[in-house]
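Shown next: entry_34.txt, given as compact mmCIF, C-alpha atoms.
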# COMPACT_ATOMS: atom_id res chain seq x y z
CA MET A 1 71.01 17.76 -11.29
CA ASN A 2 70.72 16.79 -14.94
CA LYS A 3 73.51 16.09 -17.41
CA GLN A 4 73.48 19.57 -18.94
CA GLN A 5 73.64 21.25 -15.54
CA LEU A 6 76.59 19.07 -14.64
CA PHE A 7 78.40 20.04 -17.82
CA GLU A 8 77.63 23.73 -17.23
CA ASN A 9 79.26 23.47 -13.80
CA ILE A 10 82.31 21.85 -15.38
CA LYS A 11 82.62 24.67 -17.91
CA ARG A 12 82.06 27.38 -15.32
CA LYS A 13 84.61 26.03 -12.88
CA GLN A 14 87.00 24.67 -15.50
CA SER A 15 87.08 21.53 -13.41
CA PHE A 16 85.73 17.99 -13.29
CA LEU A 17 87.21 17.24 -9.89
CA CYS A 18 85.35 15.24 -7.27
CA VAL A 19 86.74 15.36 -3.74
CA GLY A 20 86.31 12.07 -1.93
CA LEU A 21 85.36 12.50 1.71
CA ASP A 22 86.91 9.26 2.97
CA THR A 23 87.11 10.65 6.48
CA ASP A 24 88.88 8.36 8.95
CA ILE A 25 88.81 9.38 12.62
CA LYS A 26 92.31 7.84 12.94
CA LYS A 27 93.77 10.03 10.18
CA ILE A 28 92.32 13.48 10.78
CA PRO A 29 94.45 16.12 12.57
CA GLU A 30 94.62 15.47 16.30
CA HIS A 31 93.44 18.93 17.32
CA LEU A 32 90.02 18.14 15.84
CA LEU A 33 89.43 15.28 18.25
CA LYS A 34 88.38 17.75 20.93
CA GLU A 35 85.49 18.91 18.73
CA GLU A 36 81.97 17.70 19.52
CA ASP A 37 81.79 16.08 16.07
CA PRO A 38 85.37 15.68 14.77
CA ILE A 39 84.33 14.05 11.49
CA PHE A 40 81.95 16.83 10.56
CA ALA A 41 84.43 19.50 11.70
CA PHE A 42 87.04 17.99 9.38
CA ASN A 43 84.60 17.66 6.46
CA LYS A 44 83.30 21.21 6.87
CA ALA A 45 86.81 22.66 6.75
CA ILE A 46 87.77 20.53 3.73
CA ILE A 47 84.58 21.47 1.88
CA ASP A 48 85.01 25.19 2.51
CA ALA A 49 88.59 25.04 1.26
CA THR A 50 88.01 22.91 -1.85
CA ALA A 51 84.55 23.97 -3.07
CA PRO A 52 85.87 26.61 -5.52
CA TYR A 53 87.89 23.95 -7.34
CA CYS A 54 85.61 20.93 -7.57
CA ILE A 55 82.18 20.08 -8.96
CA ALA A 56 81.35 17.09 -6.76
CA TYR A 57 81.84 15.47 -3.36
CA LYS A 58 81.86 11.75 -2.73
CA PRO A 59 81.46 10.63 0.87
CA ASN A 60 82.39 6.96 1.16
CA LEU A 61 79.78 5.38 3.43
CA ALA A 62 82.16 2.81 4.92
CA PHE A 63 84.07 5.53 6.77
CA TYR A 64 80.86 6.79 8.40
CA GLU A 65 79.18 3.45 9.04
CA SER A 66 82.33 2.30 10.87
CA MET A 67 81.43 4.76 13.64
CA GLY A 68 77.83 3.64 14.05
CA VAL A 69 75.19 6.26 14.85
CA LYS A 70 77.79 8.99 15.36
CA GLY A 71 79.14 8.36 11.90
CA TRP A 72 75.71 8.48 10.28
CA ILE A 73 74.98 11.76 12.03
CA ALA A 74 78.25 13.20 10.71
CA PHE A 75 77.41 11.93 7.24
CA GLU A 76 73.94 13.51 7.27
CA LYS A 77 75.32 16.80 8.59
CA THR A 78 77.96 16.77 5.85
CA VAL A 79 75.40 16.22 3.11
CA GLU A 80 73.15 18.96 4.49
CA TYR A 81 76.08 21.36 4.78
CA ILE A 82 77.00 20.86 1.13
CA LYS A 83 73.42 21.24 -0.07
CA THR A 84 72.85 24.39 1.98
CA ASN A 85 76.12 26.19 1.33
CA TYR A 86 77.27 24.84 -2.03
CA PRO A 87 74.11 23.81 -3.90
CA ASP A 88 75.94 23.59 -7.23
CA GLN A 89 77.94 20.59 -6.00
CA PHE A 90 77.01 17.12 -7.23
CA ILE A 91 76.84 14.72 -4.27
CA ILE A 92 77.73 11.06 -4.71
CA ALA A 93 76.92 8.56 -1.98
CA ASP A 94 79.66 6.00 -2.47
CA ALA A 95 77.71 3.13 -0.95
CA LYS A 96 78.05 0.36 -3.57
CA ARG A 97 74.60 -0.97 -2.79
CA GLY A 98 72.77 -3.64 -4.78
CA ASP A 99 70.48 -6.45 -3.57
CA ILE A 100 67.18 -8.11 -4.46
CA GLY A 101 64.56 -5.70 -5.70
CA ASN A 102 62.68 -4.86 -2.52
CA THR A 103 65.94 -4.35 -0.60
CA SER A 104 67.37 -2.12 -3.33
CA ALA A 105 64.15 -0.13 -3.17
CA MET A 106 64.85 0.56 0.51
CA TYR A 107 68.42 1.60 -0.25
CA ALA A 108 67.10 3.93 -2.96
CA ARG A 109 64.59 5.40 -0.52
CA THR A 110 67.39 6.06 1.97
CA PHE A 111 69.60 8.01 -0.41
CA PHE A 112 67.08 9.62 -2.75
CA GLU A 113 64.13 10.36 -0.45
CA GLU A 114 65.45 10.58 3.09
CA LEU A 115 68.80 12.19 2.25
CA ASN A 116 67.94 13.66 -1.18
CA ILE A 117 71.41 12.92 -2.57
CA ASP A 118 72.10 13.27 -6.30
CA SER A 119 73.55 9.84 -6.94
CA VAL A 120 74.60 6.52 -5.46
CA THR A 121 77.11 3.90 -6.54
CA VAL A 122 75.50 0.51 -7.23
CA ALA A 123 76.97 -2.96 -7.74
CA PRO A 124 75.46 -4.71 -10.81
CA TYR A 125 76.30 -8.33 -9.95
CA MET A 126 72.71 -9.31 -9.08
CA GLY A 127 71.33 -7.94 -12.33
CA GLU A 128 68.49 -5.76 -13.55
CA ASP A 129 66.01 -6.06 -10.68
CA SER A 130 68.71 -5.06 -8.19
CA VAL A 131 69.46 -1.84 -10.12
CA THR A 132 66.14 -0.61 -11.52
CA PRO A 133 64.66 0.47 -8.14
CA PHE A 134 67.31 3.19 -8.06
CA LEU A 135 66.26 4.36 -11.53
CA THR A 136 62.69 5.30 -10.63
CA TYR A 137 63.68 8.67 -9.16
CA GLU A 138 63.57 11.60 -11.55
CA GLY A 139 66.70 13.72 -11.52
CA LYS A 140 68.74 11.10 -9.64
CA TRP A 141 71.67 9.09 -10.93
CA VAL A 142 72.86 5.51 -10.62
CA ILE A 143 76.63 5.11 -10.89
CA LEU A 144 77.20 1.49 -11.82
CA LEU A 145 80.44 -0.32 -11.07
CA ALA A 146 82.01 -1.30 -14.38
CA LEU A 147 85.81 -1.55 -14.27
CA THR A 148 87.39 -0.69 -10.95
CA SER A 149 90.92 0.37 -10.04
CA ASN A 150 91.74 -2.25 -7.41
CA LYS A 151 94.04 -5.22 -7.99
CA GLY A 152 91.18 -7.69 -7.60
CA SER A 153 89.33 -6.20 -10.59
CA HIS A 154 91.16 -8.81 -12.68
CA ASP A 155 89.52 -11.66 -10.77
CA PHE A 156 86.12 -11.22 -12.42
CA GLN A 157 85.78 -7.99 -14.40
CA LEU A 158 88.34 -8.93 -17.06
CA THR A 159 87.29 -12.56 -17.47
CA THR A 160 85.91 -13.45 -20.92
CA ASP A 161 83.05 -15.61 -22.12
CA THR A 162 83.20 -18.08 -25.01
CA GLU A 163 82.78 -15.22 -27.51
CA GLY A 164 85.61 -13.18 -26.03
CA GLU A 165 83.43 -10.58 -24.33
CA ARG A 166 84.82 -9.41 -21.01
CA LEU A 167 82.51 -9.22 -18.01
CA PHE A 168 82.81 -5.43 -17.66
CA GLU A 169 81.84 -5.09 -21.34
CA LYS A 170 78.77 -7.24 -20.73
CA VAL A 171 77.83 -4.97 -17.79
CA LEU A 172 78.16 -1.87 -19.99
CA ARG A 173 76.10 -3.30 -22.83
CA LYS A 174 73.36 -4.93 -20.77
CA SER A 175 72.83 -2.00 -18.42
CA GLN A 176 72.05 0.32 -21.32
CA GLU A 177 68.77 -1.58 -21.64
CA TRP A 178 67.83 -0.29 -18.18
CA ALA A 179 68.77 3.39 -18.44
CA ASN A 180 70.50 6.01 -20.58
CA ASP A 181 73.22 8.62 -20.28
CA GLU A 182 70.81 11.02 -18.57
CA ASN A 183 70.52 8.95 -15.40
CA MET A 184 73.31 6.38 -15.40
CA MET A 185 77.08 6.73 -15.09
CA TYR A 186 79.81 4.14 -14.69
CA VAL A 187 82.72 3.70 -12.31
CA VAL A 188 85.96 3.19 -14.22
CA GLY A 189 89.25 3.22 -12.33
CA ALA A 190 91.93 5.68 -13.40
CA THR A 191 94.55 2.93 -13.30
CA GLN A 192 92.90 1.18 -16.27
CA GLY A 193 94.65 3.50 -18.74
CA ARG A 194 94.00 2.68 -22.40
CA MET A 195 91.08 0.46 -21.41
CA PHE A 196 89.06 3.70 -21.58
CA GLU A 197 89.23 3.35 -25.37
CA ASP A 198 87.35 0.06 -25.22
CA ILE A 199 84.85 1.50 -22.77
CA ARG A 200 84.13 4.52 -24.97
CA LYS A 201 83.33 2.22 -27.90
CA ILE A 202 80.41 0.86 -25.86
CA VAL A 203 79.35 3.95 -23.88
CA PRO A 204 80.49 6.95 -25.94
CA ASN A 205 78.35 9.55 -24.20
CA HIS A 206 77.96 8.44 -20.58
CA PHE A 207 79.68 10.21 -17.72
CA LEU A 208 82.34 8.12 -16.02
CA LEU A 209 83.22 8.43 -12.35
CA VAL A 210 86.96 7.87 -12.22
CA PRO A 211 88.62 7.06 -8.89
CA GLY A 212 92.31 6.31 -8.59
CA ILE A 213 93.93 9.68 -9.32
CA GLY A 214 96.53 10.72 -6.77
CA ALA A 215 97.31 8.23 -4.03
CA GLN A 216 96.43 5.24 -6.24
CA GLY A 217 98.70 6.42 -9.05
CA GLY A 218 96.26 6.93 -11.93
CA SER A 219 97.26 9.35 -14.70
CA LEU A 220 94.92 12.30 -15.31
CA GLU A 221 96.44 12.86 -18.75
CA GLU A 222 95.84 9.25 -19.79
CA VAL A 223 92.27 9.27 -18.48
CA CYS A 224 91.51 12.44 -20.45
CA LYS A 225 93.26 11.24 -23.61
CA TYR A 226 91.21 8.07 -23.84
CA GLY A 227 88.08 8.90 -21.85
CA MET A 228 87.09 12.54 -22.43
CA THR A 229 84.08 13.35 -24.63
CA LYS A 230 82.87 16.58 -26.22
CA GLU A 231 80.86 17.15 -23.01
CA CYS A 232 83.83 16.17 -20.84
CA GLY A 233 82.12 12.96 -19.72
CA LEU A 234 84.40 12.58 -16.71
CA ILE A 235 84.14 13.12 -12.98
CA VAL A 236 87.60 12.39 -11.62
CA ASN A 237 87.85 11.67 -7.92
CA SER A 238 90.76 12.32 -5.58
CA SER A 239 90.47 11.53 -1.90
CA ARG A 240 93.57 10.91 0.21
CA ALA A 241 95.93 13.04 -1.88
CA ILE A 242 93.77 16.09 -1.10
CA ILE A 243 92.10 15.60 2.26
CA TYR A 244 95.15 14.13 4.02
CA ALA A 245 97.77 16.34 2.37
CA ASP A 246 98.52 17.91 5.76
CA LYS A 247 97.84 16.95 9.38
CA THR A 248 98.53 20.26 11.08
CA GLU A 249 96.07 23.01 11.96
CA ASN A 250 96.68 24.27 8.41
CA PHE A 251 95.23 21.08 6.89
CA ALA A 252 92.28 22.74 5.17
CA ASN A 253 94.39 25.38 3.43
CA VAL A 254 96.78 22.73 2.16
CA ALA A 255 93.83 20.63 0.93
CA GLY A 256 92.55 23.68 -0.92
CA GLU A 257 95.95 24.20 -2.51
CA GLU A 258 96.10 20.58 -3.64
CA ALA A 259 92.58 20.78 -5.08
CA HIS A 260 93.55 23.97 -6.90
CA LYS A 261 96.56 22.23 -8.47
CA VAL A 262 94.35 19.45 -9.80
CA GLN A 263 91.79 21.97 -11.05
CA GLN A 264 94.49 23.80 -13.01
CA GLN A 265 95.57 20.54 -14.62
CA MET A 266 91.95 19.85 -15.53
CA ALA A 267 91.51 23.31 -17.00
CA GLU A 268 94.37 22.51 -19.38
CA GLN A 269 92.72 19.26 -20.40
CA LEU A 270 89.38 21.00 -21.00
CA LYS A 271 90.89 23.39 -23.54
CA ALA A 272 90.61 20.61 -26.10
CA ILE A 273 86.81 20.57 -25.95
CA LEU A 274 85.72 24.02 -24.74

Give the structure from the file, written as C-alpha cells.
Amino acid sequence: MNKQQLFENIKRKQSFLCVGLDTDIKKIPEHLLKEEDPIFAFNKAIIDATAPYCIAYKPNLAFYESMGVKGWIAFEKTVEYIKTNYPDQFIIADAKRGDIGNTSAMYARTFFEELNIDSVTVAPYMGEDSVTPFLTYEGKWVILLALTSNKGSHDFQLTTDTEGERLFEKVLRKSQEWANDENMMYVVGATQGRMFEDIRKIVPNHFLLVPGIGAQGGSLEEVCKYGMTKECGLIVNSSRAIIYADKTENFANVAGEEAHKVQQQMAEQLKAIL
C-alpha cells in the first residue's frame, strides 16, 4: 500500500485509527478459552467489529511469541484473515526488529516475503546497515522508532549532544538519508504532546505511527493540533482501551462501539484538512 492509497482510505473512512491487537491469553474473555485457537477467535471477533472504523491493525509480536508455536500460528492466521476479508487495512507488524545487516535481512524476509505484511517497526540504534535491508522491498514500509511514549524514553531519546541536538532528532535527520516519506514512517508516542511541533520541523511530510491514545493517556486533540499534515500524516493506535473494553460474551460489540467513538472524534479532526 503506497502513501496515496493510505490517505485515500483515511478520507473514505474518515478515520486514521489503528487497532492494536495486543492479545493476551490471560485477558481475553473466559468463554473463548474453550475454542481451538482462543487468540485467533478473539482477534477475528475484534477485527469484524472494528474494521468499519479503522484503517490499520497492529499485532504486537510479543503477545504471540510468548505462546511459542501456537502463538505464531494465531498470528499468521490473523494476518491472513485481515488480508482476505479486509484487504484495504494497513497491517503493521509491531516487532521492533533491528540487528546487523544479514540478520535484519532475515527479519525483513520473514515479514515482507513469508507473511507479506505492509510494514514493520524497526529499532534504529544499530544504524543504517541494520535498517536498510527492510527498505529493499517495493511497496513495504519501515516504521522507525523515534520518540516513544514510555517513561524510559527520557533515558536516551531526549539526551543532547554538545550542539544541543537531541538523540531522537538525530534519528529523524539521519534516517532521511536512507529513505523518504513514501516508504518510511516514525513512531512518536501520543504522550509527547507539543514535542510533535519539533518533530514536524524535521519530518514535515512523513506519516507518524502514534501509540499511547486511550489507556496510556495521550490526547488525540493535542496529537492532531501539533502533528497533523495536509495529508493527515497520522496513524493513531489504540489497543487496550478498545480490545479489552469488555470481558463478557458481548466483548466484540463493545470493542466496535469504542472504535466507533474514536473514529467520530477523528472525523471531527479531519474536517480541518479535508

Give me, as number ranges by chain, all polymer residues having an atom no more than 6 Å from segment 145-162 of chain A, counting all atoms listed in the file and skipping those fewer than 6 positions away in the same chain. A: 123, 168, 186-189, 191

note - atom CA of Thr248 of chain A and atom CA of Asn43 of chain A are separated by 14.9 Å

Using atom CA of Lys225 of chain A and atom CA of Lys261 of chain A as the two end points, give the distance in Å to one decimal. 19.0 Å

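The space separating atom CA of Thr103 of chain A from atom CA of Met1 of chain A comes to 25.1 Å.
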
Here's a test: counting only C-alpha atoms, identify every protein, DNA and RNA residue with an atom at most 6 Å from (95.2, 15.9, 11.4) in the file's coordinate frame, and state them as an MDAnalysis selection string. chainID A and resid 28:30 247:248

Around (78.3, 23.7, -18.6) in the file's own coordinates, what residues are found within 12 Å if you use all atoms listed in the file, given back as a PyMOL selection string? chain A and resi 1-16+55+88+230-233+270+273-274

Output, as JSON, the centre and edge lengths in Å (one decimal) of the axis-aligned box that contains all listed atoms of segment 137-153 of chain A with 5 Å of margin on each side.
{"center_x": 78.8, "center_y": 3.0, "center_z": -10.9, "size_x": 40.5, "size_y": 31.4, "size_z": 17.0}

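Counting only C-alpha atoms, the residue from A:Lys271, A:His31, A:Lys26, A:Lys58 that sits nearest to Leu209 of chain A is A:Lys58.
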
Identify which of the residues A:Glu114, A:Glu249, A:Glu65, A:Glu268 lies closest to Leu32 of chain A, counting only C-alpha atoms when measuring atom-to-atom distances.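 Closest candidate: A:Glu249.
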
Find, counting all atoms listed in the file, the residue in A:Val69, A:Ala105, A:Ala41, A:Leu61 that gets nearest to Gly20 of chain A.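 The shortest atom-to-atom distance to Gly20 of chain A comes from A:Leu61.
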
Pick out the closest residue to Ile243 of chain A from this set: A:Met228, A:Ile143, A:Ala49, A:Met184. Count only C-alpha atoms.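 Among the listed residues, A:Ala49 lies closest to Ile243 of chain A.
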
Could you list, with a cut-off of 9 Å and counting all atoms listed in the file, the residues of segment 48-122 of chain A near segment 130-138 of chain A, each shown with its nearest atom pair and the distance in Å rounded to one decimal, rows sorted by chain and ascending number, as CSV?
residue,atom,partner,partner_atom,distance
A:Arg97,CA,A:Ser130,CA,9.0
A:Gly98,CA,A:Ser130,CA,5.5
A:Asp99,CA,A:Ser130,CA,5.1
A:Ile100,CA,A:Ser130,CA,5.1
A:Gly101,CA,A:Ser130,CA,4.9
A:Asn102,CA,A:Pro133,CA,8.0
A:Thr103,CA,A:Ser130,CA,8.1
A:Ser104,CA,A:Ser130,CA,5.8
A:Ala105,CA,A:Pro133,CA,5.0
A:Met106,CA,A:Pro133,CA,8.7
A:Tyr107,CA,A:Phe134,CA,8.0
A:Ala108,CA,A:Phe134,CA,5.2
A:Arg109,CA,A:Phe134,CA,8.3
A:Phe112,CA,A:Tyr137,CA,7.3
A:Glu113,CA,A:Tyr137,CA,8.9
A:Val120,CA,A:Phe134,CA,8.4
A:Val122,CA,A:Val131,CA,7.1

May I have the residues within 10 Å of Tyr86 of chain A as a list in words, using only C-alpha atoms and disregarding those fewer than 4 positions away in the same chain?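 What passes the distance filter is Ile47, Asp48, Ala51, Pro52, Ile55, Ala56, Glu80, Tyr81, Ile82 and Phe90 of chain A.
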
Excluding Gly193 of chain A and residues on its chain fewer than 4 positions from it, collect all residues at most 9 Å away from it, counting only C-alpha atoms, and give them as a list in words. Gly189, Glu197, Gly218, Ser219, Glu222, Val223 and Tyr226 of chain A

Show which residues sit within 12 Å of Lys27 of chain A, as a list in words. Count all atoms listed in the file, and ignore same-chain residues fewer than 6 positions away. Leu33, Pro38, Ile39, Phe42, Phe63, Arg240, Ile243, Tyr244, Ala245, Asp246, Lys247, Thr248 and Phe251 of chain A
